[in-house]
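Reading through the structure tokens given below for one structure.
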Amino acid sequence: MDENIATLQRYNLWGANTFDWGYRRTAYTDKIAACTGNRLIKALVGQRRSGKSYILRQVAKQLIDSGVKPENTLFINREFTDFDFLKTYRELDELIKSYKSALKPVGKIYVFIDEVQLIDGWEKTVNSYAQDFSDSYELFISGSNSKLLSGELATLLSGRYVCFEIFPFSYAEYTGITQKARGRQSYMEYLGSGGLPELLMLSGHELKRSYMSAIKDTVLLRDIIQRYQIRDPKLLEDLFAFFVTNASNLVSVNNIVSYFKSHGRKTSYDAVASYIGYIEDTFLVHRCNRYDIKGKATLSGNSKFYINDLAYKNYLYSGYGHGLGYMVENLVYLELRRAGFDVYAGSLRSKEVDFVAQKADRVVYLQSAYMLADEATVAREYSALEAINDHFEKMVVSLDEITMPLRGGIKHVQAWELGNLMIND
């Protein structure tokens, strides 16, 4: 048997191989399954170790369970060292042809390519097979860089793709895999740990810290420093630390440059802006732009940044930054993004609203708080929402055990109920 086919045999579902399917992430697999049966390329994007590989395998298994023959699926994980020989789009094309020659599948072929960005010129082969009208193919790809389908690549693929952003485990998934009861106690445990799937399989703070450090180093080194030939790696790492310890704060590039200069670090606006873009591209942090609620327009200048998983703060920078209220705000942001909302930091005259969440015709204004401990806190959190003169939904999210009554049309939501509320409403 051809050596490359023997390699494929180990990672595919053709024979008696057994695989770890992981926790079924139906929130994603159901969405992807609903988009199958056509020539659109299905693209999964998200941070390394967020679970994209498992989701791809689960989709393949779902297809087989629905009647697709195992030999009609081809799974290639470019991140595995066994596939180091696969460097260019031509080699990808040859591998697919070798698979077809060896297995002789009849009918539609489902091709899954994990971490596709590691193959130079991948888009040429992917586009070619997706649009091959002499044979029937359906392609699923994943990548760990937001530029995967931007700019020239999007132009080349001519809009013939649908994109799914994969986040670490949500609170609902966390309770599903741990079998913990929903409520404040398990939410606090989730907040104090993180949602990266493999993290939940580890025990002990030091082991988890080492795991998170390895992920951070891999992303910064392989996905940014090597790819963009970064001249100041220390600045890059310090920027990431800055975002982790300043998550939920309004900042600007000028603020950050001034911060580093005040600590004896000389840098430039252009360098900081570029490095921020690279960090965003790897999904380590997310930018949340400001939105003028009265003018219905985004604002330039200051933005908020949220980290993709609180594990970075909990295990790498636990002694820095702000308290639990800011961590809850970070989780609320991620929950809104998982639910498919575009999320902004709201501005209304002299008041700030934590989030303006928009999806199709639905608009929700949200304030996030740790606890509504007294009347002064309640007045402060509700006042910004009370100042908004429209009839869209308004919510205050907190970790209080008791739900407060409706107040002027503003709903109080316990943080552990937010995910279901945003999906189901």
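Naming works like this for the structure tokens: A, B, ... for the chains as they're shown, residue 1 at the start of each chain, ligands 1 onward in shown order.
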Can you pull out every residue within 12 Å of segment 227-233 of chain A, counting only C-alpha atoms, but drop anything in the same chain fewer than 3 positions away, and send it as JSON, numbers by chain? {"A": [117, 118, 145, 217, 218, 219, 220, 221, 222, 223, 224, 236, 237, 238, 239, 240, 265, 266, 267, 268, 271, 272, 274, 275, 277, 278, 279, 281, 282]}
Kindly save the residues from that selection, with N, CA and C atoms included, as a PDB file, in the first residue's frame.
ATOM      1  N   GLN A 117      -4.703  26.012   6.677  1.00  0.00           N
ATOM      2  CA  GLN A 117      -3.806  27.132   6.372  1.00  0.00           C
ATOM      3  C   GLN A 117      -2.337  26.720   6.358  1.00  0.00           C
ATOM      4  N   LEU A 118      -2.023  25.523   6.870  1.00  0.00           N
ATOM      5  CA  LEU A 118      -0.653  25.039   6.871  1.00  0.00           C
ATOM      6  C   LEU A 118      -0.228  24.480   5.517  1.00  0.00           C
ATOM      7  N   ASN A 145      -6.808  30.896  11.977  1.00  0.00           N
ATOM      8  CA  ASN A 145      -6.493  32.289  11.699  1.00  0.00           C
ATOM      9  C   ASN A 145      -7.689  32.931  11.022  1.00  0.00           C
ATOM     10  N   ASP A 217       2.223  29.852  24.007  1.00  0.00           N
ATOM     11  CA  ASP A 217       3.517  29.887  23.323  1.00  0.00           C
ATOM     12  C   ASP A 217       3.408  29.384  21.892  1.00  0.00           C
ATOM     13  N   THR A 218       2.612  28.332  21.680  1.00  0.00           N
ATOM     14  CA  THR A 218       2.446  27.776  20.336  1.00  0.00           C
ATOM     15  C   THR A 218       1.782  28.775  19.407  1.00  0.00           C
ATOM     16  N   VAL A 219       0.719  29.414  19.895  1.00  0.00           N
ATOM     17  CA  VAL A 219       0.006  30.374  19.054  1.00  0.00           C
ATOM     18  C   VAL A 219       0.894  31.568  18.732  1.00  0.00           C
ATOM     19  N   LEU A 220       1.540  32.114  19.762  1.00  0.00           N
ATOM     20  CA  LEU A 220       2.381  33.293  19.531  1.00  0.00           C
ATOM     21  C   LEU A 220       3.552  32.963  18.618  1.00  0.00           C
ATOM     22  N   LEU A 221       4.192  31.805  18.843  1.00  0.00           N
ATOM     23  CA  LEU A 221       5.371  31.465  18.054  1.00  0.00           C
ATOM     24  C   LEU A 221       5.017  31.022  16.646  1.00  0.00           C
ATOM     25  N   ARG A 222       4.169  29.987  16.518  1.00  0.00           N
ATOM     26  CA  ARG A 222       3.911  29.393  15.207  1.00  0.00           C
ATOM     27  C   ARG A 222       2.976  30.231  14.352  1.00  0.00           C
ATOM     28  N   ASP A 223       1.943  30.795  14.984  1.00  0.00           N
ATOM     29  CA  ASP A 223       0.918  31.481  14.200  1.00  0.00           C
ATOM     30  C   ASP A 223       1.204  32.961  13.995  1.00  0.00           C
ATOM     31  N   ILE A 224       2.104  33.526  14.792  1.00  0.00           N
ATOM     32  CA  ILE A 224       2.375  34.954  14.645  1.00  0.00           C
ATOM     33  C   ILE A 224       3.863  35.219  14.395  1.00  0.00           C
ATOM     34  N   LEU A 236       5.149  41.455  21.651  1.00  0.00           N
ATOM     35  CA  LEU A 236       3.961  40.672  21.311  1.00  0.00           C
ATOM     36  C   LEU A 236       3.400  39.982  22.555  1.00  0.00           C
ATOM     37  N   GLU A 237       4.267  39.333  23.318  1.00  0.00           N
ATOM     38  CA  GLU A 237       3.806  38.632  24.510  1.00  0.00           C
ATOM     39  C   GLU A 237       3.304  39.622  25.561  1.00  0.00           C
ATOM     40  N   ASP A 238       3.975  40.754  25.685  1.00  0.00           N
ATOM     41  CA  ASP A 238       3.519  41.762  26.651  1.00  0.00           C
ATOM     42  C   ASP A 238       2.162  42.339  26.263  1.00  0.00           C
ATOM     43  N   LEU A 239       1.922  42.459  24.971  1.00  0.00           N
ATOM     44  CA  LEU A 239       0.616  42.932  24.514  1.00  0.00           C
ATOM     45  C   LEU A 239      -0.483  41.937  24.880  1.00  0.00           C
ATOM     46  N   PHE A 240      -0.194  40.660  24.672  1.00  0.00           N
ATOM     47  CA  PHE A 240      -1.191  39.653  25.040  1.00  0.00           C
ATOM     48  C   PHE A 240      -1.470  39.700  26.534  1.00  0.00           C
ATOM     49  N   ARG A 265       9.274  51.117  27.925  1.00  0.00           N
ATOM     50  CA  ARG A 265       9.330  50.386  26.663  1.00  0.00           C
ATOM     51  C   ARG A 265       9.061  51.343  25.511  1.00  0.00           C
ATOM     52  N   LYS A 266      10.033  51.533  24.647  1.00  0.00           N
ATOM     53  CA  LYS A 266       9.835  52.383  23.482  1.00  0.00           C
ATOM     54  C   LYS A 266       9.238  51.556  22.352  1.00  0.00           C
ATOM     55  N   THR A 267       8.137  52.021  21.836  1.00  0.00           N
ATOM     56  CA  THR A 267       7.503  51.345  20.707  1.00  0.00           C
ATOM     57  C   THR A 267       6.739  52.381  19.899  1.00  0.00           C
ATOM     58  N   SER A 268       6.177  51.951  18.795  1.00  0.00           N
ATOM     59  CA  SER A 268       5.483  52.886  17.904  1.00  0.00           C
ATOM     60  C   SER A 268       4.017  52.495  17.766  1.00  0.00           C
ATOM     61  N   ALA A 271       3.640  49.642  15.165  1.00  0.00           N
ATOM     62  CA  ALA A 271       4.024  48.311  15.649  1.00  0.00           C
ATOM     63  C   ALA A 271       2.936  47.739  16.548  1.00  0.00           C
ATOM     64  N   VAL A 272       2.434  48.550  17.473  1.00  0.00           N
ATOM     65  CA  VAL A 272       1.401  48.079  18.389  1.00  0.00           C
ATOM     66  C   VAL A 272       0.128  47.727  17.625  1.00  0.00           C
ATOM     67  N   SER A 274      -0.192  46.791  14.511  1.00  0.00           N
ATOM     68  CA  SER A 274       0.019  45.566  13.741  1.00  0.00           C
ATOM     69  C   SER A 274      -0.024  44.343  14.633  1.00  0.00           C
ATOM     70  N   TYR A 275       0.657  44.406  15.777  1.00  0.00           N
ATOM     71  CA  TYR A 275       0.708  43.259  16.680  1.00  0.00           C
ATOM     72  C   TYR A 275      -0.677  42.938  17.245  1.00  0.00           C
ATOM     73  N   GLY A 277      -3.469  43.391  15.687  1.00  0.00           N
ATOM     74  CA  GLY A 277      -4.161  42.702  14.595  1.00  0.00           C
ATOM     75  C   GLY A 277      -3.777  41.241  14.503  1.00  0.00           C
ATOM     76  N   TYR A 278      -2.496  40.944  14.675  1.00  0.00           N
ATOM     77  CA  TYR A 278      -2.048  39.553  14.618  1.00  0.00           C
ATOM     78  C   TYR A 278      -2.658  38.731  15.749  1.00  0.00           C
ATOM     79  N   ILE A 279      -2.709  39.315  16.947  1.00  0.00           N
ATOM     80  CA  ILE A 279      -3.283  38.593  18.090  1.00  0.00           C
ATOM     81  C   ILE A 279      -4.777  38.347  17.865  1.00  0.00           C
ATOM     82  N   ASP A 281      -6.205  38.010  14.988  1.00  0.00           N
ATOM     83  CA  ASP A 281      -6.343  37.029  13.912  1.00  0.00           C
ATOM     84  C   ASP A 281      -6.304  35.593  14.423  1.00  0.00           C
ATOM     85  N   THR A 282      -5.607  35.363  15.543  1.00  0.00           N
ATOM     86  CA  THR A 282      -5.494  34.011  16.087  1.00  0.00           C
ATOM     87  C   THR A 282      -6.625  33.676  17.054  1.00  0.00           C
TER      88      THR A 282
END
List every residue of segment 165-398 of chain A that DSSP, applied to the backbone, labels as alpha helix (DSSP H), and write the result as a ChimeraX atom specification. /A:171-178,184-191,205-218,226-228,233-245,253-262,269-281,311-316,324-338,375-386
Env of segment 48-61 of chain A: 9 Å cut, atoms = only C-alpha atoms, seq-sep filter 4 positions within chain, self excluded. Answer as a PyMOL selection string. chain A and resi 13+19-26+28-30+32-33+44+65-66+70+73-75+77+110+112-115+140-145+166-169+195-198+215+218-219+282-284
Taking N, CA and C atoms for each residue, export the selection above as a compact mmCIF listing (two decimals), in the first residue's frame.
# COMPACT_ATOMS: atom_id res chain seq x y z
N LEU A 13 -12.09 6.68 8.74
CA LEU A 13 -13.15 5.83 9.28
C LEU A 13 -13.45 4.64 8.38
N PHE A 19 -12.26 5.73 17.33
CA PHE A 19 -11.80 7.09 17.58
C PHE A 19 -12.47 7.66 18.82
N ASP A 20 -11.78 8.62 19.41
CA ASP A 20 -12.36 9.39 20.49
C ASP A 20 -13.19 10.51 19.86
N TRP A 21 -14.50 10.40 19.98
CA TRP A 21 -15.37 11.38 19.33
C TRP A 21 -15.53 12.63 20.16
N GLY A 22 -15.12 12.58 21.41
CA GLY A 22 -15.25 13.75 22.27
C GLY A 22 -16.69 14.02 22.66
N TYR A 23 -16.88 15.06 23.40
CA TYR A 23 -18.22 15.48 23.82
C TYR A 23 -18.96 16.02 22.60
N ARG A 24 -20.17 15.53 22.37
CA ARG A 24 -20.93 15.94 21.20
C ARG A 24 -21.34 17.40 21.32
N ARG A 25 -20.81 18.23 20.43
CA ARG A 25 -21.10 19.66 20.46
C ARG A 25 -22.19 19.96 19.44
N THR A 26 -23.40 19.56 19.81
CA THR A 26 -24.52 19.62 18.89
C THR A 26 -24.88 21.05 18.47
N TYR A 28 -22.95 23.12 17.36
CA TYR A 28 -22.21 23.34 16.12
C TYR A 28 -22.56 22.29 15.06
N THR A 29 -22.56 21.02 15.45
CA THR A 29 -22.77 19.97 14.44
C THR A 29 -24.16 20.08 13.80
N ASP A 30 -25.16 20.48 14.57
CA ASP A 30 -26.49 20.62 14.00
C ASP A 30 -26.53 21.77 12.98
N ILE A 32 -23.97 22.86 11.23
CA ILE A 32 -23.21 22.45 10.06
C ILE A 32 -24.02 21.45 9.24
N ALA A 33 -24.66 20.49 9.92
CA ALA A 33 -25.46 19.49 9.22
C ALA A 33 -26.57 20.13 8.41
N LEU A 44 -14.61 26.04 9.33
CA LEU A 44 -14.63 26.20 10.78
C LEU A 44 -13.39 26.98 11.18
N ASP A 65 -23.38 7.83 9.92
CA ASP A 65 -24.56 7.30 10.61
C ASP A 65 -25.83 7.52 9.81
N SER A 66 -25.83 8.56 8.94
CA SER A 66 -27.02 8.84 8.13
C SER A 66 -27.02 8.07 6.81
N PRO A 70 -18.37 4.86 4.69
CA PRO A 70 -17.14 5.36 5.30
C PRO A 70 -16.06 5.69 4.28
N THR A 73 -15.63 9.21 2.79
CA THR A 73 -15.15 10.32 3.61
C THR A 73 -13.63 10.29 3.65
N LEU A 74 -13.03 11.45 3.58
CA LEU A 74 -11.57 11.58 3.63
C LEU A 74 -11.22 12.64 4.66
N PHE A 75 -10.46 12.26 5.68
CA PHE A 75 -10.10 13.17 6.76
C PHE A 75 -8.60 13.38 6.77
N ASN A 77 -5.72 15.75 8.74
CA ASN A 77 -5.38 16.74 9.77
C ASN A 77 -3.94 17.19 9.54
N TYR A 110 -16.84 13.27 0.66
CA TYR A 110 -16.81 14.31 1.67
C TYR A 110 -15.37 14.46 2.16
N PHE A 112 -12.55 16.36 4.45
CA PHE A 112 -12.34 17.17 5.66
C PHE A 112 -10.85 17.48 5.78
N ILE A 113 -10.50 18.77 5.82
CA ILE A 113 -9.10 19.18 5.92
C ILE A 113 -8.95 20.08 7.14
N ASP A 114 -8.24 19.58 8.14
CA ASP A 114 -8.07 20.29 9.41
C ASP A 114 -6.79 21.11 9.37
N GLU A 115 -6.85 22.35 9.87
CA GLU A 115 -5.73 23.30 9.86
C GLU A 115 -5.19 23.49 8.44
N PHE A 140 -15.07 20.34 3.80
CA PHE A 140 -15.12 20.92 5.13
C PHE A 140 -13.68 21.24 5.52
N ILE A 141 -13.42 22.49 5.90
CA ILE A 141 -12.06 22.88 6.25
C ILE A 141 -12.07 23.58 7.60
N SER A 142 -10.91 23.58 8.25
CA SER A 142 -10.79 24.34 9.49
C SER A 142 -9.48 25.10 9.49
N GLY A 143 -9.44 26.16 10.30
CA GLY A 143 -8.21 26.95 10.40
C GLY A 143 -8.20 27.77 11.67
N SER A 144 -7.00 28.17 12.08
CA SER A 144 -6.82 28.90 13.34
C SER A 144 -6.43 30.34 13.12
N ASN A 145 -6.81 30.90 11.98
CA ASN A 145 -6.49 32.29 11.70
C ASN A 145 -7.69 32.93 11.02
N ILE A 166 -15.76 28.74 15.97
CA ILE A 166 -15.80 27.77 17.07
C ILE A 166 -15.16 28.39 18.30
N PHE A 167 -15.91 28.39 19.39
CA PHE A 167 -15.42 28.91 20.67
C PHE A 167 -15.14 27.74 21.61
N PRO A 168 -14.38 27.98 22.67
CA PRO A 168 -14.25 26.97 23.73
C PRO A 168 -15.62 26.63 24.31
N PHE A 169 -15.68 25.62 25.17
CA PHE A 169 -16.94 25.18 25.75
C PHE A 169 -17.72 26.32 26.38
N GLY A 195 -12.86 27.12 29.42
CA GLY A 195 -13.68 26.28 28.57
C GLY A 195 -12.95 25.52 27.50
N LEU A 196 -11.62 25.58 27.46
CA LEU A 196 -10.90 24.81 26.44
C LEU A 196 -11.09 23.32 26.71
N PRO A 197 -11.53 22.56 25.71
CA PRO A 197 -11.95 21.17 25.96
C PRO A 197 -10.92 20.30 26.68
N GLU A 198 -9.66 20.32 26.25
CA GLU A 198 -8.67 19.44 26.87
C GLU A 198 -8.36 19.87 28.30
N ILE A 215 -0.12 26.36 25.06
CA ILE A 215 -1.01 26.87 24.01
C ILE A 215 -0.64 28.30 23.64
N THR A 218 2.61 28.33 21.68
CA THR A 218 2.45 27.78 20.34
C THR A 218 1.78 28.77 19.41
N VAL A 219 0.72 29.41 19.89
CA VAL A 219 0.01 30.37 19.05
C VAL A 219 0.89 31.57 18.73
N THR A 282 -5.61 35.36 15.54
CA THR A 282 -5.49 34.01 16.09
C THR A 282 -6.63 33.68 17.05
N PHE A 283 -7.56 34.60 17.24
CA PHE A 283 -8.73 34.41 18.10
C PHE A 283 -8.38 34.38 19.58
N LEU A 284 -7.17 34.79 19.96
CA LEU A 284 -6.84 34.85 21.38
C LEU A 284 -7.64 35.94 22.08
Within 10 Å of Val253 of chain A, counting only C-alpha atoms, which residues show up once you throw out same-chain ones fewer than 3 positions away? Write them as a PyMOL selection string, please. chain A and resi 256-259+268-273+276+301-303
Long-range neighbours of Lys411 of chain A as a list of chain:residue names, 10 Å cut-off, only C-alpha atoms, 3 positions minimum in chain: A:Leu366, A:Tyr382, A:Glu393, A:Lys394, A:Met395, A:Val396, A:Val397, A:Thr403, A:Met404, A:Pro405, A:Leu406, A:Arg407, A:Gly408, A:Gln414
Env of Lys100 of chain A: 10 Å cut, atoms = only C-alpha atoms, seq-sep filter 5 positions within chain, self excluded. Answer as a ChimeraX atom specification. /A:71-72,74,94-95,105-106,109
Go ahead and save the residues from that selection, with N, CA and C atoms, as a JSON list (two decimals), in the first residue's frame.
[["chain", "number", "residue", "atom", "x", "y", "z"],
["A", 71, "GLU", "N", -15.95, 4.86, 3.22],
["A", 71, "GLU", "CA", -14.90, 5.11, 2.22],
["A", 71, "GLU", "C", -15.16, 6.35, 1.38],
["A", 72, "ASN", "N", -16.34, 6.95, 1.54],
["A", 72, "ASN", "CA", -16.65, 8.20, 0.84],
["A", 72, "ASN", "C", -16.31, 9.43, 1.69],
["A", 74, "LEU", "N", -13.03, 11.45, 3.58],
["A", 74, "LEU", "CA", -11.57, 11.58, 3.63],
["A", 74, "LEU", "C", -11.22, 12.64, 4.66],
["A", 94, "GLU", "N", -2.64, 15.69, -5.14],
["A", 94, "GLU", "CA", -2.13, 14.34, -5.39],
["A", 94, "GLU", "C", -2.62, 13.36, -4.32],
["A", 95, "LEU", "N", -2.68, 13.81, -3.07],
["A", 95, "LEU", "CA", -3.14, 12.94, -1.99],
["A", 95, "LEU", "C", -4.60, 12.55, -2.19],
["A", 105, "PRO", "N", -14.07, 5.19, -4.31],
["A", 105, "PRO", "CA", -15.40, 5.49, -3.78],
["A", 105, "PRO", "C", -16.38, 5.81, -4.91],
["A", 106, "VAL", "N", -17.63, 5.43, -4.72],
["A", 106, "VAL", "CA", -18.68, 5.68, -5.70],
["A", 106, "VAL", "C", -19.65, 6.70, -5.11],
["A", 109, "ILE", "N", -18.10, 12.48, -2.51],
["A", 109, "ILE", "CA", -16.98, 12.34, -1.58],
["A", 109, "ILE", "C", -16.97, 13.54, -0.65]]
Write out as a ChimeraX atom specification each polymer residue whose atoms come within 12 Å of segment 241-248 of chain A, counting only C-alpha atoms; drop sequence neighbours fewer than 6 positions from it. /A:213,216,220,234-235,255-257,259-260,272,275-276,279-280,284-289,302-334,344-345,354-355,368-369
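Distance-wise, atom CA of Asn12 of chain A and atom CA of Ile76 of chain A end up 8.2 Å apart.
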Go through segment 377-417 of chain A and collect every residue that DSSP, computed from the backbone, puts in strand (DSSP E); the answer should be as a PyMOL selection string. chain A and resi 393-398+411-414
The selected residues should be written to file as a short mmCIF file (atom, residue, chain, number, x, y, z; two decimals), in the first residue's frame (atoms: N, CA and C atoms).
data_model
loop_
_atom_site.label_atom_id
_atom_site.label_comp_id
_atom_site.auth_asym_id
_atom_site.auth_seq_id
_atom_site.Cartn_x
_atom_site.Cartn_y
_atom_site.Cartn_z
N GLU A 393 -35.08 44.92 23.61
CA GLU A 393 -34.89 44.21 24.88
C GLU A 393 -33.76 44.83 25.70
N LYS A 394 -33.97 44.82 27.01
CA LYS A 394 -32.96 45.32 27.94
C LYS A 394 -32.80 44.33 29.08
N MET A 395 -31.54 44.01 29.41
CA MET A 395 -31.27 43.00 30.44
C MET A 395 -30.12 43.44 31.34
N VAL A 396 -30.20 43.05 32.60
CA VAL A 396 -29.08 43.14 33.52
C VAL A 396 -28.71 41.71 33.91
N VAL A 397 -27.45 41.35 33.71
CA VAL A 397 -26.98 39.98 33.97
C VAL A 397 -26.09 40.00 35.21
N SER A 398 -26.35 39.11 36.16
CA SER A 398 -25.52 39.05 37.36
C SER A 398 -25.50 37.64 37.92
N LYS A 411 -35.24 43.32 32.19
CA LYS A 411 -35.25 41.97 32.75
C LYS A 411 -33.94 41.69 33.49
N HIS A 412 -34.04 41.08 34.66
CA HIS A 412 -32.85 40.62 35.37
C HIS A 412 -32.62 39.15 35.00
N VAL A 413 -31.40 38.81 34.59
CA VAL A 413 -31.07 37.46 34.14
C VAL A 413 -29.88 36.93 34.93
N GLN A 414 -30.02 35.73 35.48
CA GLN A 414 -28.88 35.08 36.11
C GLN A 414 -27.92 34.61 35.03
#
With only C-alpha atoms as the basis for distance, which of A:Asp84, A:Asp400, A:Glu386, A:Asn127 is at the shortest distance from Ala373 of chain A? A:Asp400
